[in-house]
>>> print(open('data.txt').read())   # compact mmCIF, C-alpha atoms and all ligand atoms
# COMPACT_ATOMS: atom_id res chain seq x y z
CA MET Y 857 -0.25 -12.97 13.99
CA ASN Y 858 0.82 -10.93 10.99
CA LYS Y 859 0.53 -7.16 11.19
CA LEU Y 860 -2.40 -5.81 9.18
CA ILE Y 861 -1.90 -2.74 6.99
CA LEU Y 862 -4.63 -0.73 5.26
CA VAL Y 863 -3.50 0.50 1.85
CA THR Y 864 -5.85 3.09 0.36
CA GLY Y 865 -5.54 3.35 -3.42
CA GLY Y 866 -3.92 -0.09 -3.31
CA THR Y 867 -5.01 -1.13 -6.81
CA GLY Y 868 -3.38 2.02 -8.25
CA TYR Y 869 0.09 2.33 -9.71
CA ILE Y 870 2.28 2.91 -6.65
CA GLY Y 871 -0.20 1.28 -4.27
CA SER Y 872 -0.18 -2.08 -6.08
CA HIS Y 873 3.64 -2.26 -6.05
CA THR Y 874 3.62 -1.40 -2.35
CA VAL Y 875 1.04 -4.08 -1.56
CA VAL Y 876 3.34 -6.63 -3.22
CA GLU Y 877 6.34 -5.52 -1.16
CA LEU Y 878 4.30 -5.52 2.06
CA MET Y 879 2.98 -9.02 1.42
CA ASN Y 880 6.45 -10.26 0.47
CA ASN Y 881 7.56 -8.95 3.86
CA GLY Y 882 4.93 -10.96 5.73
CA PHE Y 883 2.34 -8.23 6.26
CA ASP Y 884 -1.36 -8.81 5.72
CA VAL Y 885 -2.99 -6.13 3.59
CA VAL Y 886 -6.46 -4.76 3.17
CA ILE Y 887 -7.02 -2.41 0.25
CA ILE Y 888 -9.69 0.26 -0.06
CA ASP Y 889 -10.08 1.57 -3.60
CA ASN Y 890 -13.08 2.91 -5.50
CA LEU Y 891 -11.46 1.92 -8.83
CA SER Y 892 -11.82 5.50 -10.12
CA ASN Y 893 -8.34 5.17 -11.64
CA SER Y 894 -7.53 1.48 -11.50
CA GLU Y 895 -8.91 -1.96 -12.28
CA LYS Y 896 -9.92 -4.88 -10.11
CA SER Y 897 -7.76 -7.20 -12.26
CA VAL Y 898 -4.73 -5.62 -10.56
CA LEU Y 899 -5.57 -7.94 -7.64
CA ASP Y 900 -4.88 -10.92 -9.93
CA GLY Y 901 -1.41 -9.56 -10.72
CA ILE Y 902 -0.70 -9.04 -7.02
CA SER Y 903 -1.89 -12.57 -6.21
CA GLU Y 904 0.20 -14.09 -8.99
CA ILE Y 905 3.35 -12.35 -7.76
CA THR Y 906 2.89 -12.96 -4.03
CA GLY Y 907 0.88 -16.19 -3.97
CA ARG Y 908 -1.65 -14.47 -1.69
CA ARG Y 909 -4.65 -12.23 -2.31
CA PRO Y 910 -5.04 -9.04 -0.30
CA TYR Y 911 -8.44 -8.23 1.23
CA PHE Y 912 -10.25 -5.76 -0.98
CA GLU Y 913 -13.03 -3.28 -0.18
CA GLN Y 914 -14.41 -1.18 -3.02
CA PHE Y 915 -15.83 2.17 -1.94
CA ASP Y 916 -15.14 5.89 -1.93
CA ILE Y 917 -13.17 7.06 1.12
CA CYS Y 918 -15.05 10.38 0.93
CA ASP Y 919 -18.09 8.39 2.07
CA LYS Y 920 -17.75 8.80 5.82
CA GLU Y 921 -20.42 6.30 6.74
CA LYS Y 922 -18.88 3.52 4.66
CA LEU Y 923 -15.45 4.36 6.02
CA ASP Y 924 -16.71 4.23 9.58
CA ASN Y 925 -18.34 0.84 8.91
CA PHE Y 926 -15.04 -0.37 7.51
CA PHE Y 927 -13.20 0.60 10.71
CA LYS Y 928 -15.85 -1.13 12.81
CA ILE Y 929 -14.93 -4.36 11.01
CA TYR Y 930 -11.17 -3.88 10.65
CA LYS Y 931 -10.52 -2.74 14.21
CA LYS Y 932 -7.03 -4.09 14.55
CA LEU Y 933 -5.11 -2.19 11.89
CA ASP Y 934 -1.44 -1.62 12.66
CA ALA Y 935 -0.94 1.13 10.10
CA ILE Y 936 -2.42 2.93 7.13
CA ILE Y 937 -0.66 3.89 3.91
CA HIS Y 938 -2.71 6.52 2.13
CA PHE Y 939 -2.24 6.60 -1.65
CA ALA Y 940 -5.84 7.29 -2.71
CA ALA Y 941 -5.99 10.65 -4.47
CA TYR Y 942 -6.45 12.22 -7.87
CA LYS Y 943 -3.09 13.05 -9.42
CA ALA Y 944 -3.43 14.69 -12.85
CA VAL Y 945 -1.92 18.17 -12.63
CA GLY Y 946 -3.66 19.55 -15.76
CA GLU Y 947 -7.05 18.17 -14.75
CA SER Y 948 -6.67 19.76 -11.32
CA ILE Y 949 -6.37 23.19 -12.96
CA GLU Y 950 -9.59 22.54 -14.92
CA LYS Y 951 -11.47 21.02 -11.96
CA PRO Y 952 -9.97 22.43 -8.76
CA LEU Y 953 -12.92 21.58 -6.52
CA MET Y 954 -12.87 17.96 -7.58
CA TYR Y 955 -9.21 17.79 -6.48
CA TYR Y 956 -9.59 19.68 -3.21
CA GLN Y 957 -12.67 17.66 -2.38
CA ASN Y 958 -11.24 14.23 -3.10
CA ASN Y 959 -7.66 14.67 -1.96
CA LEU Y 960 -8.47 16.50 1.24
CA THR Y 961 -11.71 14.77 2.25
CA THR Y 962 -10.14 11.33 1.95
CA LEU Y 963 -7.33 12.55 4.20
CA THR Y 964 -9.44 14.19 6.89
CA ASN Y 965 -11.88 11.26 6.95
CA LEU Y 966 -9.04 8.81 7.45
CA LEU Y 967 -7.30 10.85 10.13
CA GLU Y 968 -10.54 11.25 12.02
CA CYS Y 969 -11.09 7.49 11.99
CA MET Y 970 -7.50 6.90 13.07
CA VAL Y 971 -8.05 9.07 16.12
CA ASN Y 972 -11.45 7.51 16.89
CA TYR Y 973 -10.28 3.92 16.44
CA LYS Y 974 -6.79 4.50 17.87
CA ILE Y 975 -4.82 3.42 14.80
CA PRO Y 976 -1.29 4.60 15.52
CA ASN Y 977 0.68 4.78 12.26
CA PHE Y 978 0.10 6.72 9.04
CA VAL Y 979 2.19 6.95 5.87
CA PHE Y 980 1.25 9.66 3.39
CA SER Y 981 2.01 9.95 -0.36
CA SER Y 982 3.39 13.42 -0.80
CA SER Y 983 5.22 14.77 -3.81
CA ALA Y 984 8.30 16.70 -4.88
CA THR Y 985 5.80 19.08 -6.43
CA VAL Y 986 5.66 20.79 -3.00
CA TYR Y 987 9.14 22.23 -3.69
CA GLY Y 988 8.30 23.89 -7.04
CA GLN Y 989 11.60 25.09 -8.54
CA PRO Y 990 13.89 24.88 -5.50
CA ASP Y 991 16.47 27.58 -4.84
CA GLU Y 992 19.14 24.94 -4.31
CA LEU Y 993 19.72 21.54 -5.88
CA PRO Y 994 19.69 18.78 -4.85
CA VAL Y 995 16.66 19.69 -2.77
CA THR Y 996 16.56 18.67 0.91
CA GLU Y 997 13.51 18.07 3.07
CA LYS Y 998 14.25 21.38 4.78
CA ALA Y 999 13.64 23.45 1.63
CA SER Y 1000 10.61 25.67 1.95
CA PHE Y 1001 7.49 25.14 -0.13
CA LYS Y 1002 7.00 27.38 -3.17
CA PRO Y 1003 3.51 28.61 -4.07
CA ALA Y 1004 1.87 25.61 -5.72
CA ASP Y 1005 1.55 25.67 -9.51
CA SER Y 1006 -1.66 23.67 -9.49
CA PRO Y 1007 -4.54 22.73 -7.21
CA TYR Y 1008 -3.10 19.21 -7.21
CA GLY Y 1009 0.21 20.48 -5.86
CA ASN Y 1010 -1.64 22.62 -3.37
CA THR Y 1011 -3.52 19.59 -2.03
CA LYS Y 1012 -0.16 17.99 -1.16
CA GLN Y 1013 1.03 21.12 0.65
CA ILE Y 1014 -2.24 21.50 2.55
CA ALA Y 1015 -2.27 17.76 3.32
CA GLU Y 1016 1.12 17.98 4.98
CA ASP Y 1017 -0.16 20.91 7.10
CA ILE Y 1018 -3.28 18.94 8.06
CA ILE Y 1019 -1.17 15.96 9.13
CA ARG Y 1020 1.24 18.18 11.11
CA ASP Y 1021 -1.62 19.91 12.96
CA THR Y 1022 -3.35 16.59 13.68
CA VAL Y 1023 -0.36 14.74 15.13
CA LYS Y 1024 0.46 17.77 17.27
CA VAL Y 1025 -2.70 17.29 19.33
CA ASN Y 1026 -2.78 13.48 19.08
CA PRO Y 1027 0.52 12.29 20.55
CA ASP Y 1028 -0.37 8.63 19.96
CA LEU Y 1029 -0.57 9.23 16.23
CA ASN Y 1030 2.62 8.96 14.18
CA ALA Y 1031 3.00 9.95 10.55
CA ILE Y 1032 5.62 9.74 7.86
CA SER Y 1033 5.21 11.85 4.77
CA LEU Y 1034 7.09 10.54 1.75
CA ARG Y 1035 7.82 13.05 -1.00
CA TYR Y 1036 8.07 11.10 -4.24
CA PHE Y 1037 10.09 12.48 -7.12
CA ASN Y 1038 9.20 10.91 -10.51
CA PRO Y 1039 8.12 7.27 -10.08
CA ILE Y 1040 8.50 5.22 -13.26
CA GLY Y 1041 8.74 1.61 -14.41
CA ALA Y 1042 6.89 -1.52 -13.41
CA HIS Y 1043 7.33 -4.73 -11.47
CA SER Y 1044 10.01 -6.98 -13.02
CA SER Y 1045 7.39 -9.71 -13.57
CA ALA Y 1046 5.44 -7.29 -15.81
CA LEU Y 1047 2.29 -8.45 -14.00
CA ILE Y 1048 1.56 -5.02 -12.52
CA GLY Y 1049 2.44 -1.52 -13.72
CA GLU Y 1050 1.00 1.88 -14.55
CA LEU Y 1051 -2.38 2.01 -16.31
CA PRO Y 1052 -2.86 5.58 -17.53
CA ARG Y 1053 -6.35 6.43 -18.72
CA GLY Y 1054 -6.48 8.27 -22.07
CA VAL Y 1055 -3.48 10.24 -23.26
CA PRO Y 1056 -0.70 10.01 -20.68
CA ASN Y 1057 0.57 13.25 -19.18
CA ASN Y 1058 3.72 11.69 -17.79
CA LEU Y 1059 6.85 11.20 -19.81
CA VAL Y 1060 7.56 7.48 -19.57
CA PRO Y 1061 4.06 6.15 -20.35
CA PHE Y 1062 3.98 8.54 -23.31
CA ILE Y 1063 7.33 7.16 -24.49
CA THR Y 1064 6.25 3.50 -24.21
CA GLN Y 1065 2.92 4.21 -25.94
CA THR Y 1066 4.76 5.98 -28.75
CA ALA Y 1067 7.22 3.11 -29.13
CA ILE Y 1068 4.39 0.58 -29.35
CA GLY Y 1069 2.58 2.66 -31.95
CA ILE Y 1070 -0.37 4.11 -30.01
CA ARG Y 1071 1.04 7.66 -30.27
CA ASP Y 1072 2.74 9.11 -33.35
CA GLU Y 1073 5.53 10.94 -31.63
CA LEU Y 1074 6.73 12.19 -28.27
CA LYS Y 1075 6.71 15.94 -27.86
CA VAL Y 1076 9.74 17.01 -25.86
CA PHE Y 1077 8.61 20.08 -23.96
CA GLY Y 1078 11.44 22.57 -24.35
CA ASP Y 1079 15.13 22.40 -25.28
CA ASP Y 1080 16.03 25.90 -24.07
CA TYR Y 1081 16.34 25.23 -20.34
CA ASN Y 1082 19.58 25.96 -18.58
CA THR Y 1083 20.53 22.24 -18.41
CA SER Y 1084 23.24 20.14 -20.08
CA ASP Y 1085 21.20 19.51 -23.27
CA GLY Y 1086 18.47 22.13 -22.83
CA SER Y 1087 15.68 19.70 -21.86
CA ALA Y 1088 14.21 19.66 -18.34
CA VAL Y 1089 15.72 17.54 -15.58
CA ARG Y 1090 13.91 15.25 -13.12
CA ASP Y 1091 14.76 12.53 -10.62
CA TYR Y 1092 13.23 9.33 -12.02
CA ILE Y 1093 12.82 6.61 -9.41
CA ASN Y 1094 11.89 2.96 -9.92
CA VAL Y 1095 8.43 2.23 -8.52
CA VAL Y 1096 9.59 -0.96 -6.79
CA ASP Y 1097 12.36 0.94 -5.00
CA LEU Y 1098 9.73 3.49 -4.04
CA ALA Y 1099 7.39 0.75 -2.78
CA LYS Y 1100 10.16 -0.69 -0.60
CA ALA Y 1101 10.54 2.66 1.17
CA HIS Y 1102 6.96 2.26 2.39
CA VAL Y 1103 7.76 -1.10 3.96
CA VAL Y 1104 10.79 0.43 5.69
CA SER Y 1105 8.60 3.30 6.93
CA ILE Y 1106 5.96 0.94 8.31
CA LYS Y 1107 8.58 -1.14 10.13
CA ARG Y 1108 10.16 2.04 11.49
CA MET Y 1109 6.87 3.10 13.02
CA ILE Y 1110 5.86 -0.34 14.30
CA GLU Y 1111 9.29 -0.79 15.88
CA ASN Y 1112 9.00 2.66 17.49
CA LYS Y 1113 12.11 4.02 15.81
CA ILE Y 1114 10.63 7.32 14.77
CA LYS Y 1115 12.23 10.49 16.09
CA ALA Y 1116 9.19 12.77 15.78
CA ASN Y 1117 5.42 12.46 15.42
CA LEU Y 1118 5.78 13.59 11.82
CA GLU Y 1119 8.81 12.70 9.75
CA VAL Y 1120 9.35 13.71 6.14
CA PHE Y 1121 11.59 11.96 3.63
CA ASN Y 1122 12.51 12.57 0.01
CA LEU Y 1123 12.16 9.48 -2.15
CA GLY Y 1124 14.38 9.88 -5.18
CA THR Y 1125 17.63 8.56 -6.57
CA GLY Y 1126 19.56 11.79 -6.07
CA LYS Y 1127 20.40 11.88 -9.76
CA GLY Y 1128 18.76 14.16 -12.29
CA SER Y 1129 18.14 13.01 -15.88
CA SER Y 1130 17.05 15.22 -18.75
CA VAL Y 1131 14.14 14.34 -21.04
CA LEU Y 1132 16.55 13.69 -23.91
CA GLU Y 1133 18.69 11.46 -21.70
CA ILE Y 1134 15.59 9.41 -20.92
CA VAL Y 1135 14.76 9.12 -24.62
CA ASN Y 1136 18.33 8.01 -25.43
CA ALA Y 1137 18.41 5.51 -22.58
CA PHE Y 1138 15.07 4.11 -23.74
CA ASP Y 1139 16.41 3.71 -27.30
CA LYS Y 1140 19.46 1.93 -25.94
CA VAL Y 1141 17.67 -0.64 -23.79
CA THR Y 1142 14.84 -1.40 -26.19
CA GLY Y 1143 16.68 -1.19 -29.48
CA GLU Y 1144 13.81 1.04 -30.67
CA LYS Y 1145 14.32 4.47 -32.23
CA LEU Y 1146 11.76 6.69 -30.62
CA ASN Y 1147 10.05 9.25 -32.82
CA TYR Y 1148 10.16 12.63 -31.10
CA LYS Y 1149 10.16 16.32 -31.80
CA ILE Y 1150 11.08 19.35 -29.74
CA VAL Y 1151 8.19 21.70 -29.00
CA ASP Y 1152 7.67 24.67 -26.68
CA ARG Y 1153 7.96 24.36 -22.93
CA ARG Y 1154 4.88 23.03 -21.10
CA SER Y 1155 3.32 25.67 -18.91
CA GLY Y 1156 3.90 25.11 -15.19
CA ASP Y 1157 6.98 22.91 -15.70
CA VAL Y 1158 10.06 23.58 -13.61
CA GLU Y 1159 13.52 23.48 -15.14
CA SER Y 1160 15.26 21.05 -12.87
CA VAL Y 1161 14.52 19.15 -9.69
CA TYR Y 1162 16.25 16.20 -8.05
CA ALA Y 1163 16.45 14.93 -4.50
CA ASP Y 1164 19.00 15.17 -1.79
CA THR Y 1165 18.58 11.62 -0.49
CA LYS Y 1166 21.04 11.77 2.41
CA TYR Y 1167 18.36 11.94 5.10
CA ALA Y 1168 16.34 9.05 3.64
CA ASN Y 1169 19.50 6.98 3.11
CA GLU Y 1170 20.93 7.55 6.57
CA GLU Y 1171 17.92 8.03 8.84
CA LEU Y 1172 15.29 5.89 7.12
CA GLY Y 1173 17.91 3.38 6.02
CA TRP Y 1174 16.56 3.16 2.48
CA LYS Y 1175 18.23 3.74 -0.85
CA ALA Y 1176 17.05 3.47 -4.45
CA ARG Y 1177 18.94 0.55 -6.02
CA ILE Y 1178 17.52 -0.14 -9.47
CA GLY Y 1179 19.22 1.69 -12.34
CA LEU Y 1180 17.55 3.82 -15.00
CA GLU Y 1181 18.06 1.38 -17.88
CA GLU Y 1182 16.60 -1.57 -15.98
CA THR Y 1183 13.69 0.64 -14.97
CA LEU Y 1184 12.96 1.79 -18.52
CA LEU Y 1185 13.13 -1.81 -19.69
CA SER Y 1186 10.55 -2.77 -17.05
CA ALA Y 1187 8.25 0.00 -18.32
CA TRP Y 1188 8.67 -1.29 -21.87
CA ASN Y 1189 8.01 -4.92 -20.87
CA TRP Y 1190 4.86 -3.81 -19.08
CA GLU Y 1191 3.65 -1.85 -22.12
CA LYS Y 1192 4.15 -4.92 -24.32
CA TYR Y 1193 2.40 -7.14 -21.77
CA ILE Y 1194 -0.73 -4.99 -21.55
CA ARG Y 1195 -1.01 -4.59 -25.32
CA ASN Y 1196 -0.73 -8.36 -25.82
CA ARG Y 1197 -3.32 -8.92 -23.12
CA LYS Y 1198 -5.92 -6.69 -24.83
P1 LIG Y 1201 -3.16 6.06 -9.07
O1 LIG Y 1201 -4.21 6.92 -9.65
O2 LIG Y 1201 -2.61 4.97 -9.92
O3 LIG Y 1201 -3.66 5.42 -7.70
C1 LIG Y 1201 -4.54 6.07 -6.84
C2 LIG Y 1201 -5.65 5.09 -6.50
O4 LIG Y 1201 -6.55 5.72 -5.59
C3 LIG Y 1201 -6.47 4.66 -7.71
O5 LIG Y 1201 -6.52 3.25 -7.76
C4 LIG Y 1201 -7.86 5.28 -7.47
O6 LIG Y 1201 -8.88 4.46 -7.98
C5 LIG Y 1201 -7.89 5.40 -5.96
N1 LIG Y 1201 -8.74 6.48 -5.43
C6 LIG Y 1201 -8.72 7.80 -5.76
N2 LIG Y 1201 -9.63 8.48 -5.04
C7 LIG Y 1201 -10.24 7.58 -4.23
C8 LIG Y 1201 -11.26 7.66 -3.25
N3 LIG Y 1201 -11.88 8.83 -2.98
N4 LIG Y 1201 -11.65 6.54 -2.60
C9 LIG Y 1201 -11.05 5.35 -2.89
N5 LIG Y 1201 -10.08 5.21 -3.81
C10 LIG Y 1201 -9.68 6.31 -4.46
O7 LIG Y 1201 -1.98 7.02 -8.58
P2 LIG Y 1201 -0.49 6.68 -8.17
O8 LIG Y 1201 0.42 7.15 -9.24
O9 LIG Y 1201 -0.40 5.30 -7.68
O10 LIG Y 1201 -0.31 7.71 -6.96
C11 LIG Y 1201 -0.56 7.31 -5.63
C12 LIG Y 1201 -0.34 8.49 -4.71
O11 LIG Y 1201 0.99 8.98 -4.89
C13 LIG Y 1201 -1.26 9.68 -4.96
O12 LIG Y 1201 -1.58 10.25 -3.71
C14 LIG Y 1201 -0.41 10.62 -5.77
O13 LIG Y 1201 -0.80 11.94 -5.61
C15 LIG Y 1201 0.95 10.37 -5.15
N6 LIG Y 1201 2.07 10.71 -6.05
C16 LIG Y 1201 2.14 10.13 -7.28
C17 LIG Y 1201 3.19 10.46 -8.14
C18 LIG Y 1201 3.26 9.87 -9.52
O14 LIG Y 1201 3.99 10.42 -10.35
N7 LIG Y 1201 2.57 8.77 -9.82
C19 LIG Y 1201 4.17 11.35 -7.71
C20 LIG Y 1201 4.07 11.91 -6.43
C21 LIG Y 1201 3.01 11.58 -5.60
C1 LIG Y 1202 8.67 14.82 -16.77
C2 LIG Y 1202 9.45 15.66 -17.77
C3 LIG Y 1202 8.11 17.28 -18.94
C4 LIG Y 1202 5.62 14.49 -21.11
C5 LIG Y 1202 4.45 15.30 -12.59
C6 LIG Y 1202 3.72 16.08 -11.55
C7 LIG Y 1202 4.31 15.82 -10.20
C8 LIG Y 1202 4.40 14.33 -9.92
C9 LIG Y 1202 5.04 13.57 -11.04
C10 LIG Y 1202 2.51 13.67 -8.67
C11 LIG Y 1202 9.06 17.14 -17.75
C12 LIG Y 1202 8.67 16.24 -19.89
C13 LIG Y 1202 6.57 15.03 -20.28
C14 LIG Y 1202 5.76 14.62 -22.51
C15 LIG Y 1202 7.82 15.81 -22.15
N1 LIG Y 1202 3.12 13.73 -9.75
N2 LIG Y 1202 7.65 15.67 -20.80
N3 LIG Y 1202 6.86 15.29 -22.98
O1 LIG Y 1202 5.92 17.12 -14.66
O2 LIG Y 1202 8.01 16.22 -13.52
O3 LIG Y 1202 5.81 15.74 -12.58
O4 LIG Y 1202 4.41 13.91 -12.28
O5 LIG Y 1202 2.77 14.16 -7.60
O6 LIG Y 1202 3.51 16.46 -9.28
O7 LIG Y 1202 3.80 17.46 -11.86
O8 LIG Y 1202 6.45 14.63 -14.65
O9 LIG Y 1202 6.35 12.83 -16.32
O10 LIG Y 1202 4.85 14.85 -16.61
O11 LIG Y 1202 7.28 15.11 -16.96
O12 LIG Y 1202 8.79 16.40 -22.64
O13 LIG Y 1202 4.92 14.19 -23.31
O14 LIG Y 1202 9.12 15.19 -19.10
O15 LIG Y 1202 8.15 18.55 -19.53
O16 LIG Y 1202 10.21 17.87 -17.98
P1 LIG Y 1202 6.58 16.06 -13.90
P2 LIG Y 1202 6.14 14.30 -16.17
>>> encode(input="data.txt", output="structure tokens")
Amino acid sequence: MNKLILVTGGTGYIGSHTVVELMNNGFDVVIIDNLSNSEKSVLDGISEITGRRPYFEQFDICDKEKLDNFFKIYKKLDAIIHFAAYKAVGESIEKPLMYYQNNLTTLTNLLECMVNYKIPNFVFSSSATVYGQPDELPVTEKASFKPADSPYGNTKQIAEDIIRDTVKVNPDLNAISLRYFNPIGAHSSALIGELPRGVPNNLVPFITQTAIGIRDELKVFGDDYNTSDGSAVRDYINVVDLAKAHVVSIKRMIENKIKANLEVFNLGTGKGSSVLEIVNAFDKVTGEKLNYKIVDRRSGDVESVYADTKYANEELGWKARIGLEETLLSAWNWEKYIRNRK
């Protein structure tokens, strides 16, 4: 019998790509998502790519009673990958309680059910935001957390503490926390991708929406950083590469290869790219000339952050493979696909 994996937030951006990779690797998948930031039609894209449809349950994971009923039905889960969370940094500053409530209640509810129903393996979506501006670059998993710049970032720091404390007293529970750097791009089929609601906060969706004519121009936030061209540097990682790391993590836990109850891995490429390098690479692969202007720095932004990927490469046995240009092209193809669809 195939192993069954629960993917919370599985119709979302990273979740949907992970469901595809899991199913392509022979896993069965059940998704829980309340569709607060995704659409049910994502299931059609997943089915078209994989030739199979994942099970889907639509409800809010904060609802303890519904979650408990779910576990009564799906007793035989082999692992849980927990993506479901709110993720907009700016919104979290405006509505901190909404973020603490959703991001932490979903986590504690799930962990409680895992203990009660003896589900052994948990993968958590953490973020490079926990590092703030690191003292040393590239940043390793051993770097200490900096005070969070936003309630969103704080929920990821607190979440990692909650998981650490929980596995400590539940030796049968194993967890892997994956710290994503900047996930971008879409599946090569262009059948699934990122669906930002309203004006995108993130760089690449803003670029593709500008190129297609929905936005007038990209505002490049700052050209006076201490970087090669003055714009800020990030580690942009292809979402399919990122998704594959989840499959590797699940197999690692199922095959009992973990070295500790809680393992933490950076998921990045190890290479930093500046905002202007991203704009130039986008122009190159699309043949478009993006309209942009330099404006002031965005408050809360760090200057430069990129991953030390040695531990993930060597211990997890995973490496990002897809290059930046191919990734930007996938984001552009996805943007064109969704605009044609509407
Ligand atoms: P997303 O918003 O596309 O996906 C999250 C999904 O969770 C959505 O489909 C949403 O409807 C669902 N959801 C939210 N709260 C829920 C709840 N209470 N009950 C049920 N479903 C709920 O986000 P994403 O970009 O795919 O991010 C996935 C995870 O990765 C999040 O935990 C996010 O914080 C983390 N992360 C994302 C990034 C990034 O840049 N996208 C970077 C680092 C970490
Ligand atoms: C990237 C770079 C901007 C938009 C955020 C979260 C982080 C993580 C990933 C979840 C920065 C610049 C952006 C624009 C720009 N999410 N930029 N003009 O800020 O690195 O990380 O998403 O965990 O927690 O903070 O990503 O895509 O917003 O920005 O110049 O219109 O692009 O200043 O240097 P960021 P981003």
>>> residues_near_ligand(input="data.txt", ligand="ligand LIG 1202 (chain Y)", cutoff="9 Å", atoms="only C-alpha atoms and all ligand atoms", output="number ranges by chain")
Y: 943-946, 981-986, 1005-1006, 1008-1009, 1012, 1035-1040, 1056-1063, 1073-1078, 1087-1092, 1130-1132, 1134, 1150-1151, 1153-1161
>>> closest_residue(input="data.txt", among="Y:Asn1030, Y:Ser1044, Y:Asn1122, Y:Asn1082", to="ligand LIG 1201 (chain Y)", atoms="all atoms listed in the file")
Y:Asn1122
>>> residues_near_ligand(input="data.txt", ligand="ligand LIG 1201 (chain Y)", cutoff="9 Å", atoms="all atoms listed in the file", output="PyMOL selection string")
chain Y and resi 864-873+888-895+914-919+938-944+957-959+961-962+980-985+1008-1009+1011-1012+1034-1040+1050-1052+1058+1095
>>> atom_distance(input="data.txt", atom1="atom CA of Leu1146 of chain Y", atom2="atom CA of Thr1066 of chain Y")
7.3 Å
>>> atom_distance(input="data.txt", atom1="atom CA of Glu1182 of chain Y", atom2="atom CA of Glu1133 of chain Y")
14.4 Å
>>> atom_distance(input="data.txt", atom1="atom CA of Glu1016 of chain Y", atom2="atom CA of Arg1177 of chain Y")
27.2 Å
>>> residues_near_point(input="data.txt", point="(3.0, -4.4, -13.9)", cutoff="12 Å", atoms="all atoms listed in the file", output="PyMOL selection string")
chain Y and resi 867-874+876+897-902+904-905+1040-1051+1095-1096+1183+1185-1194
>>> write_last_selection(input="data.txt", atoms="C-alpha atoms", output="PDB file, keeping the file's coordinate frame")
ATOM      1  CA  THR Y 867      -5.010  -1.130  -6.810  1.00  0.00           C
ATOM      2  CA  GLY Y 868      -3.380   2.020  -8.250  1.00  0.00           C
ATOM      3  CA  TYR Y 869       0.090   2.330  -9.710  1.00  0.00           C
ATOM      4  CA  ILE Y 870       2.280   2.910  -6.650  1.00  0.00           C
ATOM      5  CA  GLY Y 871      -0.200   1.280  -4.270  1.00  0.00           C
ATOM      6  CA  SER Y 872      -0.180  -2.080  -6.080  1.00  0.00           C
ATOM      7  CA  HIS Y 873       3.640  -2.260  -6.050  1.00  0.00           C
ATOM      8  CA  THR Y 874       3.620  -1.400  -2.350  1.00  0.00           C
ATOM      9  CA  VAL Y 876       3.340  -6.630  -3.220  1.00  0.00           C
ATOM     10  CA  SER Y 897      -7.760  -7.200 -12.260  1.00  0.00           C
ATOM     11  CA  VAL Y 898      -4.730  -5.620 -10.560  1.00  0.00           C
ATOM     12  CA  LEU Y 899      -5.570  -7.940  -7.640  1.00  0.00           C
ATOM     13  CA  ASP Y 900      -4.880 -10.920  -9.930  1.00  0.00           C
ATOM     14  CA  GLY Y 901      -1.410  -9.560 -10.720  1.00  0.00           C
ATOM     15  CA  ILE Y 902      -0.700  -9.040  -7.020  1.00  0.00           C
ATOM     16  CA  GLU Y 904       0.200 -14.090  -8.990  1.00  0.00           C
ATOM     17  CA  ILE Y 905       3.350 -12.350  -7.760  1.00  0.00           C
ATOM     18  CA  ILE Y1040       8.500   5.220 -13.260  1.00  0.00           C
ATOM     19  CA  GLY Y1041       8.740   1.610 -14.410  1.00  0.00           C
ATOM     20  CA  ALA Y1042       6.890  -1.520 -13.410  1.00  0.00           C
ATOM     21  CA  HIS Y1043       7.330  -4.730 -11.470  1.00  0.00           C
ATOM     22  CA  SER Y1044      10.010  -6.980 -13.020  1.00  0.00           C
ATOM     23  CA  SER Y1045       7.390  -9.710 -13.570  1.00  0.00           C
ATOM     24  CA  ALA Y1046       5.440  -7.290 -15.810  1.00  0.00           C
ATOM     25  CA  LEU Y1047       2.290  -8.450 -14.000  1.00  0.00           C
ATOM     26  CA  ILE Y1048       1.560  -5.020 -12.520  1.00  0.00           C
ATOM     27  CA  GLY Y1049       2.440  -1.520 -13.720  1.00  0.00           C
ATOM     28  CA  GLU Y1050       1.000   1.880 -14.550  1.00  0.00           C
ATOM     29  CA  LEU Y1051      -2.380   2.010 -16.310  1.00  0.00           C
ATOM     30  CA  VAL Y1095       8.430   2.230  -8.520  1.00  0.00           C
ATOM     31  CA  VAL Y1096       9.590  -0.960  -6.790  1.00  0.00           C
ATOM     32  CA  THR Y1183      13.690   0.640 -14.970  1.00  0.00           C
ATOM     33  CA  LEU Y1185      13.130  -1.810 -19.690  1.00  0.00           C
ATOM     34  CA  SER Y1186      10.550  -2.770 -17.050  1.00  0.00           C
ATOM     35  CA  ALA Y1187       8.250   0.000 -18.320  1.00  0.00           C
ATOM     36  CA  TRP Y1188       8.670  -1.290 -21.870  1.00  0.00           C
ATOM     37  CA  ASN Y1189       8.010  -4.920 -20.870  1.00  0.00           C
ATOM     38  CA  TRP Y1190       4.860  -3.810 -19.080  1.00  0.00           C
ATOM     39  CA  GLU Y1191       3.650  -1.850 -22.120  1.00  0.00           C
ATOM     40  CA  LYS Y1192       4.150  -4.920 -24.320  1.00  0.00           C
ATOM     41  CA  TYR Y1193       2.400  -7.140 -21.770  1.00  0.00           C
ATOM     42  CA  ILE Y1194      -0.730  -4.990 -21.550  1.00  0.00           C
TER      43      ILE Y1194
END
>>> axis_aligned_box(input="data.txt", around="segment 991-1008 of chain Y", padding_each_side="4 Å", output="AutoDock Vina command-line options")
--center_x 7.6 --center_y 23.3 --center_z -2.4 --size_x 32.3 --size_y 18.5 --size_z 22.3
